[in-house]
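The structure appears right after this line, and notes come after that.
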Amino acid sequence: MKRAPRLHWISILLGLFVLMSVVSLHAYAAVRPEPVRHMGEHRALPDHTLALAFHGGPDPKWTPRVLTVLREADVKATFFVKGVQVIHHPEVVRRIAAEGHQIGIDGFRAEGDWANPLDLALAQAALADVLGVHARLVGPPQEVDSGDRDHQDIGTLVKMSLQDGKGVIRLHDDGSIGADITRELVRKPGYRFVPVSYDRPVEATASERFTGAVTTWSQRNGGIVLALLGTAIAIAALLGILRTLMQLGLAHTDRRLRRESEQAPPPWFAPPVSVVIPAYNEVLNIAATVRAIAANNHLAEVEIIVVDDGSADGTADRVEELDLPGVIVIRQANQGKPAALNAGIRRASHDVLVLLDGDTIFEPDTIGELVQPFADEEVGAVSGNAKVGNRQRLLGRWQHLEYCAGSNLDRQILHALRCIPTVPGAVGAFRRAALTDVHGVSDDTLAEDTDLTMAVTRAGWRVAYRPQARAWTEAPTTLHGLFRQRYRWSYGTFQAMWKHRGALVENGPMGRFGLLYLLAFHLLLPLLAPVMDLYVLYGFLVADAPLALIVWTVFLLIQTASAGYALRLDGESLKPLWAYPLQQIVYRQLMYAVVIQSLITALHGTQLRWMSVQRTGLLADAPNGTVHVTRPREELGGSHAAGRA
């Protein structure tokens, strides 16, 4: 297959380049060290020859007055400018140049900081934008100090300036006294006035002008940029707090109502079930998956259908070798997971269908628990409780925390709002009538489970969540595999959201709550949250604002407490919680990158191919045919089994 163009990477790199330009790093790297000349080395002036050197400007009020005095006296001077003033008062700089005066650099933010390479680069960039040149005069020359910073008496200042009868006179054009002393000096008879140097400025290249334009734009509009960043941070913080409150409130309410219903449980519902397992190159896991299904304790018939979608590793042969009763194997050329699911659904004999992936391990009571909501005729689909089995290593623990504190808690919220957007491929069940209403499983998106669930909800069926129906899945064991999997999930979810955008104008729960929830917490929040993290680093490391780190730490503690509560609700041990702060610092950034890359890929219209994750067989059966399962502590309202690698 031809590799899809990596336009999303081009966009990300372009964005980073612009960002670096805005913060002026590119200006520092691109500045030319030659030709500039430090004015500490200048030609000696003869007697009765003066060079007027102005510092501190350009000033919008006082520099024009100095220029007027010089023009009336037909005297040319040299102005050593500050880069910040050049950016904010370009019209004054243009007048200085237009009237034939020489321009040098005294610094960027303050007089004398020209010796800092970054400040020099930024000042040169400012001149490149305003005048299209780079100054060759850098730093103050050997000067005679006029004393205008320390004295106000004009006579005293003139006397100090002329004490040697020649030389470069240091003056300032950023105060009211500058024009007055200049007027007195240029009136002194017997003196000739010359520029500090006759070096002409160097014309800036097109790239240097572009760099200057970006740099000066960032300086002039810094307040706007900061305001936008502040707004983004505020929105991200509000969304984070809102999601935490919703998770704690609605999830707790949903669990409380469920526990109340368990006190007077309805009659056990036990319809016959067809289990459909699409499989592609799952030879490492398929035997354990099928054995676990066959070992169910459901009170009615369970039909098992394995659809081998063109596997090249002998997946179908491995299932047939098990020689288990009630197991049907269908072989077909590789057509994709939706086609494999539809083939199994067509072959199934019963009206309740359980769909699961070929790397998932069911507990004995999972099928029985999963079908209980179907006692309500309005229920068209049921989501089970997917759990990470290989959680011994750090990456597995992070995914375990994400499943419990993220996906499963979200399902409890959305179950309360009756708008669950995804019945996961690892553990889900559908009523055949609901599948018929939506014409089966579509291949329009890479997230066929989300697409199918949204379609079922929009068709008028209710989607329920059954946390007691647990299934153990093998999570990716490498960052590369994790990124590929989540990239596909995220991109497919965006595809499904776009496909079902019509729900927003329908009077249904998917449009009123489901799509808006995904838009706010699965798109907007991941896009804005990195801004908060970067701003915290900026405030702590650059802006000397330790309060930013304190606020971020408090926010992290709140999220950690929320994750702990989610683990308790899901009947899990709190021991993995130690990894949660590190997850928020490292793992979360990877998930943000996934969302950003998925969005850019979608905006480019790039067709993303299916990206399989390499299996390790960590949850597969042992050589003697047994499945590795242990028992953790009792869950609130029941017990559950935990998979082990």
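Simple scheme: letters A, B, ... for chains in structure tokens order, numbers from 1 for residues in each chain, numbers from 1 for ligands in the order shown.
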
Closest-contact table, range 36-155 of chain A side, partner range 194-218 of chain A, 6 Å, counting only C-alpha atoms, as JSON lines:
{"residue": "A:Ala51", "atom": "CA", "partner": "A:Val194", "partner_atom": "CA", "distance": 5.1}
{"residue": "A:Ala77", "atom": "CA", "partner": "A:Pro195", "partner_atom": "CA", "distance": 5.2}
{"residue": "A:Thr78", "atom": "CA", "partner": "A:Pro195", "partner_atom": "CA", "distance": 5.8}
{"residue": "A:Ile87", "atom": "CA", "partner": "A:Thr216", "partner_atom": "CA", "distance": 5.9}
{"residue": "A:Ala125", "atom": "CA", "partner": "A:Gly212", "partner_atom": "CA", "distance": 4.1}
{"residue": "A:Ala126", "atom": "CA", "partner": "A:Gly212", "partner_atom": "CA", "distance": 5.5}
{"residue": "A:Ala128", "atom": "CA", "partner": "A:Arg209", "partner_atom": "CA", "distance": 5.2}
{"residue": "A:Asp129", "atom": "CA", "partner": "A:Gly212", "partner_atom": "CA", "distance": 4.7}
{"residue": "A:Gly132", "atom": "CA", "partner": "A:Ala204", "partner_atom": "CA", "distance": 5.4}
{"residue": "A:Val133", "atom": "CA", "partner": "A:Glu203", "partner_atom": "CA", "distance": 4.3}
{"residue": "A:His134", "atom": "CA", "partner": "A:Val202", "partner_atom": "CA", "distance": 5.1}
{"residue": "A:Ala135", "atom": "CA", "partner": "A:Pro201", "partner_atom": "CA", "distance": 4.8}
{"residue": "A:Arg136", "atom": "CA", "partner": "A:Pro201", "partner_atom": "CA", "distance": 5.5}

Might you pull out every residue within 10 Å of range 405-414 of chain A, with only C-alpha atoms counted and same-chain residues fewer than 6 positions away left off, and present them as a ChimeraX atom specification?
-> /A:243-244,246-255,383-387,399,420-424,463-467,509-510,513-514,517,521,559-560,562-567,569-570,580

Residues of range 195-439 of chain A in helix (DSSP H, G or I) according to DSSP, as a PyMOL selection string?
-> chain A and resi 206-220+222-263+286-294+315-322+337-347+366-370+372-375+394-416+432-437

Suppose you want the space between CA of Ser176 in chain A and CA of Leu45 in chain A; what is it in Å?
->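 Separation between CA of Ser176 in chain A and CA of Leu45 in chain A: 28.4 Å.
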
With only C-alpha atoms counted and 10 Å as the cut-off, give the residues of range 325-369 of chain A in contact with range 278-297 of chain A, each with its shortest interatomic distance in Å and the pair that gives it, as JSON lines.
{"residue": "A:Pro325", "atom": "CA", "partner": "A:Ala294", "partner_atom": "CA", "distance": 8.3}
{"residue": "A:Gly326", "atom": "CA", "partner": "A:Ala294", "partner_atom": "CA", "distance": 8.3}
{"residue": "A:Val327", "atom": "CA", "partner": "A:Val290", "partner_atom": "CA", "distance": 8.3}
{"residue": "A:Ile330", "atom": "CA", "partner": "A:Pro278", "partner_atom": "CA", "distance": 9.5}
{"residue": "A:Arg331", "atom": "CA", "partner": "A:Ala279", "partner_atom": "CA", "distance": 10.0}
{"residue": "A:Asn334", "atom": "CA", "partner": "A:Tyr280", "partner_atom": "CA", "distance": 8.2}
{"residue": "A:Gly336", "atom": "CA", "partner": "A:Tyr280", "partner_atom": "CA", "distance": 8.7}
{"residue": "A:Lys337", "atom": "CA", "partner": "A:Pro278", "partner_atom": "CA", "distance": 6.5}
{"residue": "A:Pro338", "atom": "CA", "partner": "A:Pro278", "partner_atom": "CA", "distance": 8.7}
{"residue": "A:Ala339", "atom": "CA", "partner": "A:Pro278", "partner_atom": "CA", "distance": 9.0}
{"residue": "A:Ala340", "atom": "CA", "partner": "A:Pro278", "partner_atom": "CA", "distance": 5.6}
{"residue": "A:Leu341", "atom": "CA", "partner": "A:Pro278", "partner_atom": "CA", "distance": 5.9}
{"residue": "A:Asn342", "atom": "CA", "partner": "A:Pro278", "partner_atom": "CA", "distance": 9.4}
{"residue": "A:Ala343", "atom": "CA", "partner": "A:Pro278", "partner_atom": "CA", "distance": 9.1}
{"residue": "A:Gly344", "atom": "CA", "partner": "A:Pro278", "partner_atom": "CA", "distance": 7.7}
{"residue": "A:Leu355", "atom": "CA", "partner": "A:Pro278", "partner_atom": "CA", "distance": 8.3}
{"residue": "A:Leu356", "atom": "CA", "partner": "A:Pro278", "partner_atom": "CA", "distance": 7.5}
{"residue": "A:Asp357", "atom": "CA", "partner": "A:Pro278", "partner_atom": "CA", "distance": 6.2}
{"residue": "A:Gly358", "atom": "CA", "partner": "A:Ala279", "partner_atom": "CA", "distance": 5.2}
{"residue": "A:Asp359", "atom": "CA", "partner": "A:Asn285", "partner_atom": "CA", "distance": 5.2}
{"residue": "A:Thr360", "atom": "CA", "partner": "A:Thr289", "partner_atom": "CA", "distance": 5.6}
{"residue": "A:Ile361", "atom": "CA", "partner": "A:Thr289", "partner_atom": "CA", "distance": 5.1}
{"residue": "A:Phe362", "atom": "CA", "partner": "A:Ala292", "partner_atom": "CA", "distance": 5.6}
{"residue": "A:Glu363", "atom": "CA", "partner": "A:Ala292", "partner_atom": "CA", "distance": 6.7}
{"residue": "A:Pro364", "atom": "CA", "partner": "A:Asn296", "partner_atom": "CA", "distance": 4.1}
{"residue": "A:Asp365", "atom": "CA", "partner": "A:Asn297", "partner_atom": "CA", "distance": 5.7}
{"residue": "A:Thr366", "atom": "CA", "partner": "A:Asn296", "partner_atom": "CA", "distance": 7.5}
{"residue": "A:Ile367", "atom": "CA", "partner": "A:Asn296", "partner_atom": "CA", "distance": 7.0}
{"residue": "A:Gly368", "atom": "CA", "partner": "A:Asn297", "partner_atom": "CA", "distance": 7.4}

Write the residues you've just listed into a file as a short mmCIF file (atom, residue, chain, number, x, y, z; two decimals), in the first residue's frame, and include N, CA, C and O atoms for each of them.
data_model
loop_
_atom_site.label_atom_id
_atom_site.label_comp_id
_atom_site.auth_asym_id
_atom_site.auth_seq_id
_atom_site.Cartn_x
_atom_site.Cartn_y
_atom_site.Cartn_z
N PRO A 325 -16.88 -27.60 21.16
CA PRO A 325 -18.25 -27.67 20.63
C PRO A 325 -18.87 -26.28 20.54
O PRO A 325 -18.58 -25.39 21.35
N GLY A 326 -19.71 -26.09 19.54
CA GLY A 326 -20.41 -24.82 19.38
C GLY A 326 -19.58 -23.71 18.80
O GLY A 326 -20.00 -22.55 18.82
N VAL A 327 -18.38 -24.02 18.27
CA VAL A 327 -17.50 -23.00 17.70
C VAL A 327 -17.51 -23.14 16.18
O VAL A 327 -17.23 -24.22 15.64
N ILE A 330 -15.25 -19.14 10.25
CA ILE A 330 -15.50 -18.64 8.90
C ILE A 330 -14.19 -18.05 8.38
O ILE A 330 -13.55 -17.25 9.05
N ARG A 331 -13.82 -18.48 7.18
CA ARG A 331 -12.61 -17.95 6.54
C ARG A 331 -13.02 -17.06 5.38
O ARG A 331 -13.91 -17.42 4.59
N ASN A 334 -9.10 -11.00 3.19
CA ASN A 334 -9.01 -9.79 4.03
C ASN A 334 -9.87 -8.66 3.46
O ASN A 334 -9.63 -8.18 2.36
N GLY A 336 -11.28 -6.31 6.04
CA GLY A 336 -11.40 -5.33 7.10
C GLY A 336 -12.34 -5.80 8.20
O GLY A 336 -13.18 -6.69 8.01
N LYS A 337 -12.18 -5.19 9.37
CA LYS A 337 -12.95 -5.61 10.54
C LYS A 337 -14.47 -5.45 10.37
O LYS A 337 -15.22 -6.35 10.75
N PRO A 338 -14.97 -4.33 9.82
CA PRO A 338 -16.42 -4.23 9.63
C PRO A 338 -17.00 -5.36 8.79
O PRO A 338 -18.07 -5.91 9.13
N ALA A 339 -16.31 -5.72 7.71
CA ALA A 339 -16.80 -6.81 6.86
C ALA A 339 -16.78 -8.13 7.62
O ALA A 339 -17.70 -8.96 7.48
N ALA A 340 -15.75 -8.36 8.45
CA ALA A 340 -15.69 -9.58 9.24
C ALA A 340 -16.82 -9.63 10.26
O ALA A 340 -17.45 -10.68 10.47
N LEU A 341 -17.11 -8.51 10.90
CA LEU A 341 -18.22 -8.47 11.85
C LEU A 341 -19.55 -8.75 11.15
O LEU A 341 -20.39 -9.52 11.65
N ASN A 342 -19.76 -8.12 10.01
CA ASN A 342 -21.02 -8.33 9.28
C ASN A 342 -21.17 -9.78 8.83
O ASN A 342 -22.28 -10.34 8.86
N ALA A 343 -20.06 -10.41 8.44
CA ALA A 343 -20.13 -11.82 8.05
C ALA A 343 -20.54 -12.69 9.23
O ALA A 343 -21.36 -13.61 9.10
N GLY A 344 -19.98 -12.41 10.40
CA GLY A 344 -20.35 -13.17 11.58
C GLY A 344 -21.77 -12.92 12.01
O GLY A 344 -22.48 -13.85 12.45
N LEU A 355 -20.11 -8.95 20.60
CA LEU A 355 -18.99 -8.70 19.69
C LEU A 355 -17.75 -8.40 20.52
O LEU A 355 -17.79 -7.55 21.42
N LEU A 356 -16.65 -9.08 20.21
CA LEU A 356 -15.42 -8.82 20.94
C LEU A 356 -14.22 -9.04 20.04
O LEU A 356 -14.31 -9.73 19.02
N ASP A 357 -13.10 -8.44 20.41
CA ASP A 357 -11.87 -8.57 19.64
C ASP A 357 -11.19 -9.90 19.93
O ASP A 357 -11.45 -10.56 20.94
N GLY A 358 -10.26 -10.24 19.04
CA GLY A 358 -9.58 -11.52 19.15
C GLY A 358 -8.47 -11.56 20.18
O GLY A 358 -7.76 -12.57 20.28
N ASP A 359 -8.28 -10.48 20.95
CA ASP A 359 -7.25 -10.48 21.99
C ASP A 359 -7.86 -10.24 23.37
O ASP A 359 -7.17 -9.80 24.28
N THR A 360 -9.16 -10.53 23.51
CA THR A 360 -9.89 -10.21 24.73
C THR A 360 -10.21 -11.48 25.51
O THR A 360 -10.59 -12.50 24.93
N ILE A 361 -10.07 -11.39 26.83
CA ILE A 361 -10.39 -12.52 27.71
C ILE A 361 -11.64 -12.18 28.52
O ILE A 361 -11.65 -11.20 29.27
N PHE A 362 -12.71 -12.99 28.35
CA PHE A 362 -13.92 -12.83 29.15
C PHE A 362 -13.82 -13.64 30.43
O PHE A 362 -13.20 -14.71 30.45
N GLU A 363 -14.46 -13.14 31.48
CA GLU A 363 -14.63 -13.94 32.69
C GLU A 363 -15.83 -14.87 32.49
O GLU A 363 -16.65 -14.66 31.61
N PRO A 364 -15.97 -15.89 33.30
CA PRO A 364 -17.08 -16.82 33.11
C PRO A 364 -18.45 -16.17 33.13
O PRO A 364 -19.36 -16.60 32.41
N ASP A 365 -18.63 -15.13 33.95
CA ASP A 365 -19.95 -14.51 34.05
C ASP A 365 -20.11 -13.26 33.19
O ASP A 365 -21.13 -12.57 33.29
N THR A 366 -19.14 -12.98 32.33
CA THR A 366 -19.21 -11.74 31.54
C THR A 366 -20.40 -11.74 30.60
O THR A 366 -21.13 -10.74 30.51
N ILE A 367 -20.62 -12.81 29.88
CA ILE A 367 -21.73 -12.84 28.93
C ILE A 367 -23.06 -12.67 29.65
O ILE A 367 -23.93 -11.88 29.23
N GLY A 368 -23.23 -13.39 30.75
CA GLY A 368 -24.48 -13.27 31.51
C GLY A 368 -24.72 -11.86 32.01
O GLY A 368 -25.85 -11.36 31.95
#

Spatial neighbours of range 482-495 of chain A, 6 Å, only C-alpha atoms, chain gap at least 4 places, as number ranges by chain = A: 445-447, 476, 594, 598

So how many Å separate CA of Leu504 in chain A and CA of Ala459 in chain A, to one decimal?
->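 So the two atoms, CA of Leu504 in chain A and CA of Ala459 in chain A, lie 14.0 Å apart.
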
Apply DSSP to the backbone of this structure and, from range 98-339 of chain A, keep only the residues in strand (DSSP E); write these as a PyMOL selection string.
-> chain A and resi 102-107+133-134+137-138+143-145+167-172+192-193+202-203+273-279+302-309+327-332

Which residue gives the smallest distance to Leu395 in chain A among A:Leu67, A:Ala270, A:Ile241, A:Leu590, with only C-alpha atoms counted?
->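 Residue with the minimum atom-to-atom distance to Leu395 in chain A: A:Leu590.
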
Test item: residues at most 9 Å from Phe80 in chain A, only C-alpha atoms, excluding those fewer than 5 positions along its chain, as a list in words | Ala53, Phe54, His55, Gly56, Gly57, Pro58, Gln102, Ile103, Gly104, Ile105, Asp106, Gly107, Glu111, Leu137, Val138, Gly139 and Pro140 of chain A

With a distance cut-off of 12 Å and only C-alpha atoms, select the neighbouring residues of Thr436 in chain A, excluding the residue or stretch itself and same-chain residues fewer than 3 positions from it, and output the selection as number ranges by chain.
-> A: 342, 345-346, 351, 380, 430-433, 439-442, 452, 455-456, 459, 461

Could you write those residues out with N, CA, C and O atoms, as an mmCIF file, in the first residue's frame?
data_model
loop_
_atom_site.group_PDB
_atom_site.id
_atom_site.type_symbol
_atom_site.label_atom_id
_atom_site.label_comp_id
_atom_site.auth_asym_id
_atom_site.auth_seq_id
_atom_site.Cartn_x
_atom_site.Cartn_y
_atom_site.Cartn_z
ATOM 1 N N ASN A 342 -19.762 -8.122 10.010
ATOM 2 C CA ASN A 342 -21.019 -8.334 9.282
ATOM 3 C C ASN A 342 -21.171 -9.779 8.834
ATOM 4 O O ASN A 342 -22.277 -10.340 8.857
ATOM 5 N N ILE A 345 -22.223 -11.660 11.892
ATOM 6 C CA ILE A 345 -23.605 -11.327 12.264
ATOM 7 C C ILE A 345 -24.586 -12.057 11.356
ATOM 8 O O ILE A 345 -25.613 -12.581 11.813
ATOM 9 N N ARG A 346 -24.293 -12.102 10.052
ATOM 10 C CA ARG A 346 -25.184 -12.814 9.129
ATOM 11 C C ARG A 346 -25.252 -14.299 9.452
ATOM 12 O O ARG A 346 -26.312 -14.936 9.309
ATOM 13 N N ASP A 351 -30.682 -13.547 18.395
ATOM 14 C CA ASP A 351 -31.007 -12.128 18.275
ATOM 15 C C ASP A 351 -30.160 -11.232 19.172
ATOM 16 O O ASP A 351 -30.180 -10.015 19.015
ATOM 17 N N GLY A 380 -30.742 -1.183 22.854
ATOM 18 C CA GLY A 380 -30.275 -1.765 21.604
ATOM 19 C C GLY A 380 -28.829 -2.195 21.643
ATOM 20 O O GLY A 380 -28.380 -2.960 20.786
ATOM 21 N N PHE A 430 -25.111 -6.294 21.099
ATOM 22 C CA PHE A 430 -26.105 -5.566 20.318
ATOM 23 C C PHE A 430 -27.328 -6.440 20.095
ATOM 24 O O PHE A 430 -27.235 -7.667 19.975
ATOM 25 N N ARG A 431 -28.461 -5.799 20.029
ATOM 26 C CA ARG A 431 -29.682 -6.473 19.620
ATOM 27 C C ARG A 431 -29.714 -6.509 18.096
ATOM 28 O O ARG A 431 -29.400 -5.502 17.435
ATOM 29 N N ARG A 432 -30.097 -7.658 17.539
ATOM 30 C CA ARG A 432 -30.081 -7.779 16.083
ATOM 31 C C ARG A 432 -30.974 -6.742 15.427
ATOM 32 O O ARG A 432 -30.633 -6.176 14.375
ATOM 33 N N ALA A 433 -32.098 -6.435 16.044
ATOM 34 C CA ALA A 433 -33.006 -5.445 15.460
ATOM 35 C C ALA A 433 -32.341 -4.080 15.352
ATOM 36 O O ALA A 433 -32.551 -3.340 14.381
ATOM 37 N N HIS A 439 -28.343 -0.936 9.339
ATOM 38 C CA HIS A 439 -27.757 -1.631 8.192
ATOM 39 C C HIS A 439 -26.374 -2.210 8.505
ATOM 40 O O HIS A 439 -25.466 -2.184 7.668
ATOM 41 N N GLY A 440 -26.210 -2.721 9.695
ATOM 42 C CA GLY A 440 -24.989 -3.411 10.052
ATOM 43 C C GLY A 440 -23.850 -2.471 10.395
ATOM 44 O O GLY A 440 -24.026 -1.278 10.655
ATOM 45 N N VAL A 441 -22.634 -3.042 10.393
ATOM 46 C CA VAL A 441 -21.439 -2.295 10.776
ATOM 47 C C VAL A 441 -20.874 -1.600 9.542
ATOM 48 O O VAL A 441 -20.567 -2.243 8.543
ATOM 49 N N SER A 442 -20.709 -0.288 9.623
ATOM 50 C CA SER A 442 -20.223 0.497 8.491
ATOM 51 C C SER A 442 -18.695 0.534 8.477
ATOM 52 O O SER A 442 -18.044 0.466 9.527
ATOM 53 N N LEU A 452 -20.853 2.806 14.885
ATOM 54 C CA LEU A 452 -22.005 1.930 15.076
ATOM 55 C C LEU A 452 -22.834 2.368 16.281
ATOM 56 O O LEU A 452 -24.071 2.411 16.220
ATOM 57 N N ALA A 455 -24.814 5.491 15.545
ATOM 58 C CA ALA A 455 -25.921 5.183 14.636
ATOM 59 C C ALA A 455 -27.070 4.509 15.378
ATOM 60 O O ALA A 455 -28.246 4.832 15.152
ATOM 61 N N VAL A 456 -26.757 3.581 16.273
ATOM 62 C CA VAL A 456 -27.798 2.887 17.042
ATOM 63 C C VAL A 456 -28.555 3.876 17.927
ATOM 64 O O VAL A 456 -29.785 3.833 18.029
ATOM 65 N N ALA A 459 -30.848 5.990 15.935
ATOM 66 C CA ALA A 459 -31.997 5.217 15.440
ATOM 67 C C ALA A 459 -33.077 5.055 16.503
ATOM 68 O O ALA A 459 -34.117 4.447 16.231
ATOM 69 N N TRP A 461 -32.572 3.763 19.749
ATOM 70 C CA TRP A 461 -32.299 2.746 20.756
ATOM 71 C C TRP A 461 -31.487 3.358 21.902
ATOM 72 O O TRP A 461 -30.744 4.313 21.710
#
